[in-house]
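Student: Handing over coords26.cif, mmCIF, C-alpha atoms and all ligand atoms.
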data_model
loop_
_atom_site.label_atom_id
_atom_site.label_comp_id
_atom_site.auth_asym_id
_atom_site.auth_seq_id
_atom_site.Cartn_x
_atom_site.Cartn_y
_atom_site.Cartn_z
CA MET V 1 4.52 13.07 -22.45
CA GLU V 2 4.72 11.92 -18.82
CA GLU V 3 7.62 9.56 -18.09
CA ILE V 4 6.56 6.03 -17.13
CA LEU V 5 8.83 4.52 -14.48
CA SER V 6 9.25 0.86 -13.71
CA ALA V 7 10.59 -1.14 -10.80
CA GLU V 8 10.91 -4.78 -9.81
CA VAL V 9 9.31 -3.97 -6.46
CA VAL V 10 7.48 -0.84 -5.31
CA VAL V 11 7.41 -0.29 -1.54
CA ILE V 12 4.69 2.12 -0.39
CA GLY V 13 5.59 4.04 2.77
CA GLY V 14 8.81 5.52 4.09
CA GLY V 15 8.31 4.64 7.76
CA VAL V 16 10.29 2.12 9.76
CA ILE V 17 8.49 -0.79 8.10
CA GLY V 18 8.80 0.39 4.49
CA SER V 19 12.43 1.36 5.01
CA ALA V 20 13.26 -2.03 6.56
CA VAL V 21 11.52 -3.84 3.68
CA ALA V 22 13.40 -1.69 1.12
CA PHE V 23 16.69 -2.36 2.94
CA TYR V 24 16.33 -6.16 3.05
CA LEU V 25 15.02 -6.33 -0.53
CA SER V 26 17.97 -4.24 -1.74
CA ARG V 27 20.37 -6.44 0.19
CA GLU V 28 18.99 -9.40 -1.78
CA GLY V 29 19.72 -7.54 -5.02
CA ALA V 30 16.14 -6.55 -5.87
CA GLU V 31 15.52 -3.38 -7.80
CA VAL V 32 13.43 -1.33 -5.36
CA LEU V 33 11.48 1.91 -5.66
CA LEU V 34 10.26 3.28 -2.33
CA VAL V 35 7.46 5.84 -2.61
CA GLU V 36 6.48 8.09 0.28
CA ALA V 37 3.57 10.54 0.23
CA GLU V 38 5.25 13.08 2.49
CA ASP V 39 8.79 12.68 3.77
CA ILE V 40 10.85 9.80 5.14
CA ALA V 41 9.77 9.05 8.74
CA SER V 42 6.99 11.64 8.61
CA GLY V 43 4.43 9.16 10.00
CA ALA V 44 4.35 7.21 13.27
CA SER V 45 8.01 6.21 12.92
CA GLY V 46 9.12 9.81 13.40
CA ALA V 47 6.85 10.37 16.41
CA CYS V 48 7.41 7.45 18.74
CA ASP V 49 9.64 5.86 21.37
CA GLY V 50 12.36 3.39 20.56
CA PHE V 51 11.51 0.57 22.97
CA LEU V 52 12.53 -2.88 21.81
CA SER V 53 10.57 -4.58 24.54
CA LEU V 54 9.67 -8.22 25.10
CA GLN V 55 7.63 -8.12 28.32
CA THR V 56 4.83 -6.29 26.47
CA LYS V 57 4.43 -8.77 23.61
CA SER V 58 1.62 -11.30 23.30
CA LEU V 59 2.92 -14.73 24.20
CA GLY V 60 3.45 -17.03 21.21
CA PRO V 61 4.13 -15.95 17.61
CA HIS V 62 4.25 -12.22 18.47
CA LEU V 63 6.96 -12.73 21.10
CA HIS V 64 8.81 -15.08 18.76
CA LEU V 65 8.80 -12.39 16.07
CA ALA V 66 10.13 -9.82 18.56
CA LEU V 67 12.95 -12.15 19.63
CA GLU V 68 13.96 -12.75 16.02
CA SER V 69 13.88 -9.01 15.41
CA LEU V 70 16.10 -8.32 18.40
CA GLY V 71 18.63 -10.79 17.00
CA LEU V 72 18.57 -8.94 13.68
CA TYR V 73 19.02 -5.61 15.50
CA ARG V 74 22.36 -6.80 16.86
CA GLU V 75 23.49 -7.49 13.27
CA LEU V 76 22.02 -4.21 11.99
CA ALA V 77 23.80 -2.22 14.69
CA GLY V 78 27.05 -3.37 13.10
CA GLU V 79 25.96 -2.57 9.56
CA LEU V 80 24.13 0.72 10.20
CA GLY V 81 26.61 2.01 12.77
CA PRO V 82 26.32 3.98 16.01
CA ASP V 83 23.93 6.59 14.55
CA ILE V 84 20.93 4.35 15.25
CA GLU V 85 21.76 4.47 18.98
CA PHE V 86 20.99 0.80 19.58
CA ARG V 87 21.60 -0.06 23.23
CA GLN V 88 20.73 -3.28 25.04
CA GLU V 89 20.55 -2.23 28.69
CA GLY V 90 17.39 -4.11 29.65
CA GLY V 91 13.87 -3.05 30.52
CA LEU V 92 12.20 -2.39 33.87
CA LEU V 93 8.47 -2.88 34.34
CA LEU V 94 7.23 -1.15 37.51
CA ALA V 95 4.29 -2.19 39.73
CA THR V 96 2.42 0.04 42.17
CA SER V 97 0.49 -2.68 44.05
CA GLN V 98 0.89 -6.24 45.25
CA ASP V 99 -1.90 -7.24 42.83
CA GLN V 100 0.16 -5.89 39.94
CA MET V 101 3.21 -7.73 41.31
CA LYS V 102 1.19 -10.96 41.23
CA VAL V 103 0.40 -10.40 37.54
CA LEU V 104 4.07 -9.66 36.80
CA LYS V 105 5.03 -12.87 38.59
CA GLU V 106 2.64 -14.92 36.47
CA ARG V 107 3.88 -13.22 33.31
CA ALA V 108 7.51 -13.84 34.29
CA LYS V 109 6.71 -17.57 34.48
CA GLU V 110 4.96 -17.52 31.10
CA LEU V 111 7.79 -15.55 29.50
CA ALA V 112 10.32 -18.03 30.89
CA ASP V 113 8.31 -20.85 29.27
CA HIS V 114 8.84 -18.96 25.98
CA GLY V 115 12.58 -18.64 26.54
CA VAL V 116 12.64 -15.07 27.89
CA GLU V 117 14.19 -14.72 31.35
CA VAL V 118 12.63 -12.04 33.54
CA GLU V 119 13.82 -11.27 37.07
CA LEU V 120 11.23 -10.27 39.68
CA LEU V 121 12.40 -7.41 41.89
CA GLY V 122 11.25 -6.49 45.38
CA ILE V 123 11.43 -2.82 46.27
CA SER V 124 14.99 -2.96 47.69
CA GLU V 125 16.33 -4.86 44.67
CA LEU V 126 14.54 -2.43 42.40
CA LYS V 127 16.01 0.56 44.25
CA SER V 128 19.51 -0.81 43.83
CA MET V 129 18.88 -0.61 40.09
CA LEU V 130 16.78 2.54 40.02
CA PRO V 131 17.31 4.52 43.25
CA GLU V 132 15.10 7.44 42.20
CA VAL V 133 11.88 5.47 42.01
CA GLY V 134 8.68 7.02 43.49
CA LYS V 135 7.03 6.08 46.81
CA GLU V 136 4.03 4.39 45.19
CA VAL V 137 6.20 1.83 43.41
CA LYS V 138 6.23 -1.57 45.14
CA GLY V 139 8.55 -3.55 42.89
CA GLY V 140 8.92 -4.65 39.31
CA SER V 141 10.40 -7.04 36.81
CA PHE V 142 13.60 -6.74 34.79
CA CYS V 143 14.34 -8.25 31.40
CA ALA V 144 18.02 -7.95 30.47
CA LEU V 145 17.33 -8.63 26.77
CA GLU V 146 15.23 -5.52 26.23
CA ALA V 147 16.84 -2.70 24.29
CA GLN V 148 16.25 0.68 22.67
CA VAL V 149 17.03 2.48 19.44
CA ASN V 150 16.56 5.96 17.97
CA PRO V 151 13.64 5.30 15.56
CA LEU V 152 14.09 8.39 13.42
CA ALA V 153 17.82 7.79 12.98
CA LEU V 154 17.09 4.12 12.26
CA VAL V 155 14.69 4.93 9.41
CA LEU V 156 17.09 7.45 7.88
CA ARG V 157 20.00 4.97 8.02
CA LEU V 158 17.93 2.12 6.58
CA VAL V 159 16.91 4.32 3.65
CA GLU V 160 20.46 5.58 3.18
CA ARG V 161 21.85 2.01 3.11
CA ALA V 162 19.08 0.84 0.78
CA LYS V 163 19.98 3.70 -1.59
CA GLU V 164 23.67 2.76 -1.43
CA MET V 165 22.61 -0.73 -2.53
CA GLY V 166 20.67 0.69 -5.49
CA ALA V 167 17.18 1.49 -4.19
CA ARG V 168 15.45 4.57 -5.55
CA VAL V 169 13.36 6.77 -3.25
CA MET V 170 10.60 9.23 -4.21
CA THR V 171 9.25 11.51 -1.49
CA GLY V 172 6.15 13.69 -1.94
CA CYS V 173 4.90 10.79 -4.06
CA ARG V 174 1.41 9.69 -3.04
CA VAL V 175 -0.04 6.45 -4.35
CA GLU V 176 -3.50 7.17 -5.75
CA ASN V 177 -4.39 3.92 -7.47
CA ILE V 178 -3.10 0.42 -8.15
CA VAL V 179 -3.96 -1.28 -11.41
CA VAL V 180 -4.63 -5.02 -11.28
CA ALA V 181 -5.16 -7.03 -14.47
CA ASN V 182 -5.48 -10.79 -14.88
CA ASP V 183 -5.29 -11.14 -11.09
CA ARG V 184 -1.87 -9.49 -10.88
CA VAL V 185 -0.61 -6.09 -9.86
CA ARG V 186 0.56 -4.20 -12.97
CA GLU V 187 0.85 -0.49 -12.23
CA VAL V 188 1.04 1.96 -9.36
CA HIS V 189 -0.46 5.37 -10.11
CA THR V 190 0.92 8.28 -8.11
CA ASN V 191 0.69 12.05 -8.10
CA SER V 192 4.15 11.96 -9.72
CA GLY V 193 3.23 9.58 -12.52
CA VAL V 194 2.79 5.90 -13.32
CA ILE V 195 5.13 3.15 -12.12
CA ARG V 196 5.02 -0.21 -13.88
CA SER V 197 5.64 -3.03 -11.41
CA ARG V 198 4.50 -6.59 -10.82
CA ARG V 199 5.24 -6.49 -7.10
CA VAL V 200 3.99 -3.97 -4.55
CA VAL V 201 4.50 -3.97 -0.78
CA CYS V 202 2.03 -1.94 1.26
CA ALA V 203 3.84 -0.48 4.29
CA ALA V 204 1.66 2.60 4.44
CA GLY V 205 0.93 2.58 8.18
CA VAL V 206 -2.43 4.20 8.85
CA GLY V 207 -2.80 4.76 5.09
CA SER V 208 -2.92 0.99 4.50
CA ASN V 209 -6.71 0.69 4.44
CA GLU V 210 -6.88 3.33 1.71
CA ILE V 211 -4.24 1.41 -0.26
CA GLY V 212 -6.17 -1.85 0.29
CA HIS V 213 -9.32 -0.30 -1.13
CA MET V 214 -7.42 0.40 -4.37
CA ILE V 215 -7.31 -3.37 -4.93
CA ILE V 216 -10.71 -3.90 -3.29
CA VAL V 217 -9.41 -5.46 -0.09
CA ASP V 218 -10.27 -4.33 3.41
CA VAL V 219 -7.12 -3.91 5.51
CA PRO V 220 -8.39 -3.29 9.04
CA VAL V 221 -5.88 -0.73 10.30
CA LEU V 222 -7.07 2.18 12.44
CA PRO V 223 -5.07 5.20 13.64
CA GLN V 224 -4.43 5.12 17.39
CA LYS V 225 -2.93 8.36 18.67
CA GLY V 226 -0.04 8.33 21.12
CA GLN V 227 1.31 11.49 22.76
CA ILE V 228 4.84 11.96 24.09
CA LEU V 229 6.64 14.65 26.11
CA VAL V 230 10.35 15.42 25.71
CA THR V 231 12.27 16.91 28.64
CA GLU V 232 15.42 19.00 28.67
CA PRO V 233 18.60 16.85 28.83
CA ARG V 234 20.24 15.65 32.02
CA ASP V 235 23.49 13.72 32.59
CA GLN V 236 23.15 10.10 31.52
CA SER V 237 21.59 8.31 34.47
CA LEU V 238 18.86 6.02 33.16
CA LYS V 239 20.15 3.02 31.27
CA PRO V 240 17.19 0.64 30.96
CA ILE V 241 13.91 1.49 29.32
CA VAL V 242 11.30 1.94 32.07
CA TYR V 243 7.57 1.40 31.90
CA ALA V 244 4.66 0.68 34.18
CA ALA V 245 2.38 -2.31 34.63
CA GLU V 246 -0.51 0.02 33.76
CA TYR V 247 1.14 0.65 30.38
CA LEU V 248 1.09 -3.08 29.80
CA GLY V 249 -2.61 -3.00 30.76
CA ALA V 250 -3.38 -0.14 28.35
CA LYS V 251 -1.46 -1.89 25.57
CA THR V 252 -2.68 -5.45 25.97
CA GLY V 253 -6.05 -4.91 27.64
CA LEU V 254 -4.96 -7.13 30.59
CA GLU V 255 -7.79 -6.19 32.93
CA ALA V 256 -5.84 -6.62 36.18
CA LEU V 257 -3.41 -3.93 35.00
CA THR V 258 -5.66 -1.31 33.43
CA PRO V 259 -5.36 2.18 34.95
CA GLY V 260 -7.70 2.99 37.83
CA ASP V 261 -8.93 6.53 37.22
CA GLU V 262 -11.38 7.66 34.56
CA VAL V 263 -9.15 10.18 32.71
CA ALA V 264 -6.33 7.64 32.51
CA MET V 265 -8.77 5.03 31.17
CA LYS V 266 -10.13 7.43 28.58
CA LEU V 267 -6.65 8.42 27.42
CA GLY V 268 -5.26 4.88 27.55
CA LEU V 269 -2.51 6.33 29.73
CA GLY V 270 0.53 4.23 30.56
CA PHE V 271 3.91 5.40 31.84
CA THR V 272 6.96 4.93 29.63
CA CYS V 273 10.35 6.58 30.01
CA GLU V 274 13.64 6.33 28.19
CA GLN V 275 16.70 8.54 28.21
CA THR V 276 18.11 9.28 24.77
CA VAL V 277 21.82 9.38 23.94
CA SER V 278 21.60 13.19 24.02
CA GLY V 279 20.26 13.03 27.60
CA ASN V 280 16.61 14.02 27.02
CA PHE V 281 13.86 11.90 28.54
CA LEU V 282 10.96 10.75 26.37
CA LEU V 283 7.83 10.38 28.49
CA GLY V 284 4.78 8.56 27.27
CA SER V 285 2.16 7.86 26.42
CA THR V 286 -1.51 7.70 25.51
CA ARG V 287 -3.62 5.35 23.34
CA GLU V 288 -6.56 7.24 21.84
CA PHE V 289 -8.81 6.59 18.89
CA ALA V 290 -9.25 10.14 17.60
CA GLY V 291 -9.31 9.66 13.83
CA PHE V 292 -6.37 11.06 11.89
CA ASP V 293 -5.81 13.99 14.28
CA ARG V 294 -2.10 14.20 15.17
CA ASN V 295 -2.24 17.10 17.61
CA THR V 296 -1.15 16.83 21.21
CA THR V 297 -3.77 17.93 23.74
CA PRO V 298 -3.44 19.82 27.04
CA GLU V 299 -5.35 16.99 28.75
CA GLY V 300 -3.00 14.33 27.36
CA MET V 301 0.19 16.26 28.14
CA LYS V 302 -0.95 17.08 31.69
CA ALA V 303 -1.86 13.45 32.37
CA ILE V 304 1.48 12.15 31.03
CA ALA V 305 3.46 14.65 33.14
CA ALA V 306 1.51 13.94 36.35
CA ASN V 307 1.82 10.19 35.81
CA ALA V 308 5.56 10.36 35.09
CA VAL V 309 6.42 12.03 38.42
CA ARG V 310 4.51 9.29 40.28
CA TYR V 311 7.05 6.77 39.00
CA LEU V 312 10.20 8.91 38.76
CA PRO V 313 9.79 12.06 40.91
CA PHE V 314 13.08 13.62 39.67
CA LEU V 315 11.38 14.20 36.33
CA GLY V 316 9.37 16.97 38.04
CA ASP V 317 12.57 19.07 38.21
CA LEU V 318 13.06 19.00 34.45
CA ASP V 319 11.45 21.32 31.91
CA VAL V 320 9.39 19.83 29.13
CA ILE V 321 10.81 21.28 25.91
CA ARG V 322 8.66 19.61 23.28
CA SER V 323 5.70 17.33 22.70
CA PHE V 324 4.48 15.33 19.74
CA ALA V 325 1.90 12.76 18.76
CA GLY V 326 1.98 9.88 16.30
CA LEU V 327 -0.63 7.53 14.87
CA ARG V 328 -0.03 3.83 15.53
CA PRO V 329 -1.29 1.67 12.66
CA CYS V 330 -3.53 -0.42 14.85
CA SER V 331 -4.89 -3.82 13.82
CA PRO V 332 -7.91 -5.34 15.61
CA ASP V 333 -5.74 -7.67 17.74
CA GLY V 334 -2.65 -5.44 17.94
CA LEU V 335 -0.54 -7.88 15.89
CA PRO V 336 0.97 -7.04 12.50
CA ILE V 337 -0.67 -7.99 9.22
CA LEU V 338 1.91 -9.70 7.02
CA GLY V 339 1.62 -11.66 3.81
CA THR V 340 -0.20 -11.95 0.55
CA VAL V 341 -3.75 -11.13 -0.53
CA LYS V 342 -6.02 -13.70 -2.17
CA GLY V 343 -6.75 -13.08 -5.83
CA VAL V 344 -4.13 -10.34 -6.31
CA LYS V 345 -0.73 -11.78 -7.18
CA GLY V 346 2.21 -9.52 -6.45
CA PHE V 347 0.54 -7.55 -3.64
CA PHE V 348 2.04 -7.89 -0.15
CA LEU V 349 1.04 -6.47 3.22
CA ALA V 350 3.49 -5.25 5.88
CA THR V 351 1.30 -3.19 8.16
CA GLY V 352 -0.78 -3.07 11.35
CA HIS V 353 2.24 -3.16 13.66
CA SER V 354 0.27 -1.13 16.22
CA GLY V 355 2.57 -0.21 19.16
CA ASP V 356 5.41 -2.51 18.07
CA GLY V 357 6.57 -1.38 14.64
CA VAL V 358 10.02 -0.27 15.73
CA SER V 359 10.57 -3.47 17.61
CA LEU V 360 9.39 -5.64 14.73
CA ALA V 361 10.86 -3.69 11.78
CA PRO V 362 13.97 -5.80 11.04
CA VAL V 363 12.13 -9.12 11.13
CA THR V 364 9.30 -7.67 9.03
CA GLY V 365 11.80 -6.43 6.45
CA LYS V 366 13.54 -9.79 6.28
CA VAL V 367 10.35 -11.85 6.13
CA LEU V 368 8.84 -9.63 3.41
CA ALA V 369 12.02 -9.75 1.33
CA ASP V 370 11.90 -13.58 1.47
CA LEU V 371 8.21 -13.63 0.62
CA VAL V 372 8.44 -11.17 -2.27
CA LEU V 373 11.53 -12.73 -3.84
CA ASP V 374 11.19 -16.46 -2.98
CA GLY V 375 7.44 -16.82 -2.49
CA LYS V 376 7.88 -18.02 1.09
CA ALA V 377 9.38 -16.85 4.35
CA GLU V 378 11.64 -18.85 6.66
CA LEU V 379 9.49 -17.86 9.61
CA ASP V 380 5.90 -19.04 9.88
CA ILE V 381 3.85 -15.91 9.24
CA ALA V 382 0.46 -17.67 9.04
CA PRO V 383 -0.56 -16.22 12.46
CA PHE V 384 -0.20 -12.72 10.95
CA SER V 385 -2.31 -13.34 7.86
CA LEU V 386 -5.00 -10.82 6.92
CA TYR V 387 -7.45 -13.71 6.87
CA ARG V 388 -7.31 -14.32 10.63
CA PHE V 389 -9.95 -11.57 10.89
CA LYS V 390 -12.47 -13.21 8.56
C1 LIG V 401 3.60 7.56 20.89
C2 LIG V 401 4.07 6.31 20.23
C3 LIG V 401 5.05 5.52 20.84
C4 LIG V 401 5.47 4.35 20.24
N1 LIG V 401 6.48 3.64 20.84
C5 LIG V 401 6.94 2.52 20.24
C6 LIG V 401 8.01 1.80 20.82
O1 LIG V 401 8.58 2.20 21.85
N2 LIG V 401 8.43 0.65 20.21
C7 LIG V 401 7.84 0.18 19.07
O2 LIG V 401 8.22 -0.87 18.58
N3 LIG V 401 6.84 0.87 18.48
C8 LIG V 401 6.37 2.02 19.04
N4 LIG V 401 5.35 2.71 18.47
C9 LIG V 401 4.71 2.16 17.27
C10 LIG V 401 5.51 2.49 16.03
O3 LIG V 401 5.77 3.87 16.00
C11 LIG V 401 4.70 2.07 14.79
O4 LIG V 401 4.29 0.73 14.90
C12 LIG V 401 5.58 2.19 13.55
O5 LIG V 401 6.18 3.46 13.49
C13 LIG V 401 4.75 1.95 12.29
O6 LIG V 401 5.60 2.08 11.19
P1 LIG V 401 5.05 2.10 9.72
O7 LIG V 401 6.22 2.22 8.83
O8 LIG V 401 4.10 0.96 9.54
O9 LIG V 401 4.12 3.40 9.66
P2 LIG V 401 4.54 4.93 9.47
O10 LIG V 401 5.77 5.28 10.18
O11 LIG V 401 3.31 5.72 9.80
O12 LIG V 401 4.86 5.02 7.92
C14 LIG V 401 3.88 4.88 6.93
C15 LIG V 401 4.22 5.84 5.81
O13 LIG V 401 3.37 5.57 4.70
C16 LIG V 401 3.12 6.80 4.06
N5 LIG V 401 1.91 6.66 3.25
C17 LIG V 401 0.63 6.48 3.68
N6 LIG V 401 -0.21 6.46 2.64
C18 LIG V 401 0.54 6.60 1.50
C19 LIG V 401 0.26 6.66 0.13
N7 LIG V 401 -1.00 6.59 -0.32
N8 LIG V 401 1.27 6.82 -0.75
C20 LIG V 401 2.55 6.90 -0.33
N9 LIG V 401 2.87 6.87 0.99
C21 LIG V 401 1.89 6.72 1.88
C22 LIG V 401 2.95 7.78 5.19
O14 LIG V 401 3.17 9.12 4.78
C23 LIG V 401 3.99 7.30 6.20
O15 LIG V 401 5.21 8.00 6.12
C24 LIG V 401 4.91 3.92 19.02
C25 LIG V 401 3.96 4.71 18.39
C26 LIG V 401 3.55 5.90 18.96
C27 LIG V 401 2.54 6.75 18.26
#
Would you mind writing the file out in C-alpha cells?
Ligand SMILES: Cc1cc2nc3c(=O)[nH]c(=O)nc-3n(C[C@H](O)[C@H](O)[C@H](O)COP(=O)(O)OP(=O)(O)OC[C@H]3O[C@@H](n4cnc5c(N)ncnc54)[C@H](O)[C@@H]3O)c2cc1C
Tutor:
Amino acid sequence: MEEILSAEVVVIGGGVIGSAVAFYLSREGAEVLLVEAEDIASGASGACDGFLSLQTKSLGPHLHLALESLGLYRELAGELGPDIEFRQEGGLLLATSQDQMKVLKERAKELADHGVEVELLGISELKSMLPEVGKEVKGGSFCALEAQVNPLALVLRLVERAKEMGARVMTGCRVENIVVANDRVREVHTNSGVIRSRRVVCAAGVGSNEIGHMIIVDVPVLPQKGQILVTEPRDQSLKPIVYAAEYLGAKTGLEALTPGDEVAMKLGLGFTCEQTVSGNFLLGSTREFAGFDRNTTPEGMKAIAANAVRYLPFLGDLDVIRSFAGLRPCSPDGLPILGTVKGVKGFFLATGHSGDGVSLAPVTGKVLADLVLDGKAELDIAPFSLYRFK
C-alpha cells in the first residue's frame, strides 16, 4: 500500500519564494514539507538577476515591502553566510535624454518622500562613478541602499538551512490535486503520493494558476519571459547594479520611459547589468508574453547585446558564454499576491512576484510564516490580497 505522508504545512514550489517561506516557517518551529515538481531553483529563481532594487518599485506598499525585505537581507547575510553573495553597493539608473532625466528627478523626489534617498547625477558626476559609460548616456540617479545577491545560491542556502531546522524536501514531486472538505484544506495529492495537511502555501510561480484551479480559485498569474546573456569574466570593476531608465519604463509601463524603437517595444527590452562575484556580467533583459516557452531567441539575444554596448561599450570586448530565459510569475498589476483565500481555510498564496521575487523573498517568507502560524502578519498585506482584482 502507498505510504501516506503528513505535515503541519506543505509548501508548494522550490523557488526563491517557497524556499524563503519554508525557511521562516522552520525557524518558527513549524513542521514543513516543501514539494517541488522538478528541482530546487529550476523555475524563474534559477534563471534571473539578483537585483535588490528600490528605484524600480511602485511607490507605496510595494516599496515598503522591498525596504523591509532589504532589512531582512542584512540579517540573512549573517545567517546564510557569504555563499549568497549579498552585496550592498548601490544601484545606478542611467538616462539617455534630458526628458528621461526629468522623470528621474521627479521619481527621486517621490522616493525621498517615501524615505528612500536617491542622488541625481549629471554626466561628470556619473562618470566619476562609472567612467566607462557610453556616449548616449546623459546622467542618472544613484541609490546607495540598492544591493544584489546570487539568487541560485540564495535558494540553495535557504533550503539547506530549512532542512537543518527540520524541514523535509521532496523534489520531482508534482502537486496534482488538493482536497478540500468542510471548507478546509485536508490533503495534497502528488505524483509521489498523498500528503495529509491542514495548511498549504502556494509558491508555485507560474504554476500557481493551475494550483488555484485545484481549489476552484482563479489566481491571475501569467508567465512573462525574460532573457539574459552571461559574458566571460573580467576583473572586478563594476560594484553597483546598473540599469536604464528604459528598463524602468518596460517594467512599470511609465510611458515617458518606454523604449523608442519597435523591436525593443515588442521585446520589452530594458538594459540591466551586474557583475557577479566570479567576474561574469549578467546582461538583461526582455519582458515577453510567450506562453510557457523558456527558450532564448536570436532576436532577443541580439537586441540585449546591442543595447548593452550602448550603455557600457566595454561589454562589446567580452565574449558571451551563455544565455538563459526564465518565466516571471506576473500578476496583472506586477505586485505580489499574498494572503488567504475566501472559503478555503488553510490555503495561502505567496505568488505573482513578477520581476521582484528575489527582492521580496525574505519579507514574503516572514509575512507568510506569521500568517500561517498566527493567523495575521505584522505588516499590512491587504494591498496584496487576491481580491484587489475583483
Ligand atoms: C530574466 C529575469 C530577471 C529577473 N531579475 C530579477 C531581479 O533582478 N530581482 C528580482 O527581485 N527578481 C527578478 N526576477 C523575478 C524573479 O526571478 C521571480 O519573481 C522569482 O524568481 C519568482 O520566484 P517563485 O519562487 O515565485 O517562482 P519560481 O522560481 O518559478 O518557483 C516556482 C516553483 O514551483 C514549482 N511548481 C510549479 N507548479 C508545481 C506543482 N504543481 N507542484 C510542485 N511544484 C510546482 C516550479 O517547478 C518552480 O520550481 C527576474 C526574472 C527573470 C525571468
Student: I'd like the interatomic distance between CA of Ser19 in chain V and CA of His189 in chain V, to a tenth of an Å.
Tutor: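 About the pair CA of Ser19 in chain V and CA of His189 in chain V: they are 20.3 Å apart.
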Student: For Tyr24 in chain V, which residue among V:Ala303, V:Ile381, V:Leu111, V:Met165 is the nearest when counting all atoms listed in the file?
Tutor: V:Met165
Student: Could you pull out every residue with an atom within 12 Å of (-5.5, 0.7, 10.5), file coordinates, counting all atoms listed in the file, and send them as an MDAnalysis selection string?
Tutor: chainID V and resid 203:212 218:225 289 291:292 327:337 350:355
Student: Within 7 Å of ligand LIG 401 (chain V), which residues of chain V show up? Give each one with its shortest atom-to-atom distance in Å (one decimal) and the two atoms involved, counting only C-alpha atoms and all ligand atoms, rows by chain then rising residue number, as CSV.
Tutor:
residue,atom,partner,partner_atom,distance
V:Ile12,CA,V:LIG401,C20,5.2
V:Gly13,CA,V:LIG401,O13,3.3
V:Gly14,CA,V:LIG401,O15,4.8
V:Gly15,CA,V:LIG401,O7,3.4
V:Val16,CA,V:LIG401,O7,4.2
V:Ile17,CA,V:LIG401,O7,3.8
V:Gly18,CA,V:LIG401,O7,5.4
V:Val35,CA,V:LIG401,C20,5.5
V:Glu36,CA,V:LIG401,N9,3.9
V:Ala37,CA,V:LIG401,N9,3.8
V:Glu38,CA,V:LIG401,O14,5.0
V:Asp39,CA,V:LIG401,O15,6.3
V:Ile40,CA,V:LIG401,O15,6.0
V:Ala41,CA,V:LIG401,O15,5.4
V:Ser42,CA,V:LIG401,O15,4.8
V:Gly43,CA,V:LIG401,O11,3.6
V:Ala44,CA,V:LIG401,O10,3.9
V:Ser45,CA,V:LIG401,O5,3.4
V:Gly46,CA,V:LIG401,O10,6.5
V:Ala47,CA,V:LIG401,C27,5.9
V:Cys48,CA,V:LIG401,C3,3.7
V:Asp49,CA,V:LIG401,O1,3.8
V:Gly50,CA,V:LIG401,O1,4.2
V:Phe51,CA,V:LIG401,O1,3.5
V:Leu52,CA,V:LIG401,N2,5.6
V:Cys173,CA,V:LIG401,C20,5.9
V:Arg174,CA,V:LIG401,N8,3.7
V:Val175,CA,V:LIG401,N8,3.8
V:Glu176,CA,V:LIG401,N7,6.0
V:Ala203,CA,V:LIG401,O8,5.5
V:Ala204,CA,V:LIG401,O13,3.4
V:Gly205,CA,V:LIG401,O9,3.6
V:Val206,CA,V:LIG401,O11,6.0
V:Gly207,CA,V:LIG401,N6,3.9
V:Ser208,CA,V:LIG401,N6,6.4
V:Ile211,CA,V:LIG401,N7,6.1
V:Lys225,CA,V:LIG401,C27,5.7
V:Gly226,CA,V:LIG401,C1,3.7
V:Gln227,CA,V:LIG401,C1,4.9
V:Ile228,CA,V:LIG401,C1,5.6
V:Gly284,CA,V:LIG401,C1,6.6
V:Ser285,CA,V:LIG401,C1,5.7
V:Thr286,CA,V:LIG401,C1,6.9
V:Ala325,CA,V:LIG401,C1,5.9
V:Gly326,CA,V:LIG401,C27,3.7
V:Leu327,CA,V:LIG401,C27,4.7
V:Arg328,CA,V:LIG401,C27,4.8
V:Pro329,CA,V:LIG401,C13,6.1
V:Thr351,CA,V:LIG401,O8,5.2
V:Gly352,CA,V:LIG401,O8,6.6
V:His353,CA,V:LIG401,O4,4.6
V:Ser354,CA,V:LIG401,O4,4.6
V:Gly355,CA,V:LIG401,C9,3.7
V:Asp356,CA,V:LIG401,O2,3.3
V:Gly357,CA,V:LIG401,O4,3.1
V:Val358,CA,V:LIG401,O2,3.4
V:Ser359,CA,V:LIG401,O2,3.6
V:Leu360,CA,V:LIG401,O2,6.2
Student: Taking only C-alpha atoms into account, which of V:Glu164, V:Arg234, V:Arg310, V:Asp293 comes nearest Val137 in chain V?
Tutor: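 So, comparing all the options, the nearest one is V:Arg310.
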Student: What does the structure give for the distance between CA of Cys202 in chain V and CA of Glu85 in chain V, in Å to one decimal?
Tutor: 27.3 Å
Student: Quick one: of V:Ser237, V:Asn182, V:Thr364, V:Asn280, who's nearest to Gly343 in chain V, counting all atoms listed in the file?
Tutor: V:Asn182
Student: Taking only C-alpha atoms into account, name the residue in V:Leu349, V:Leu283, V:Leu63, V:Ile84 that is nearest to Asp113 in chain V.
Tutor: V:Leu63
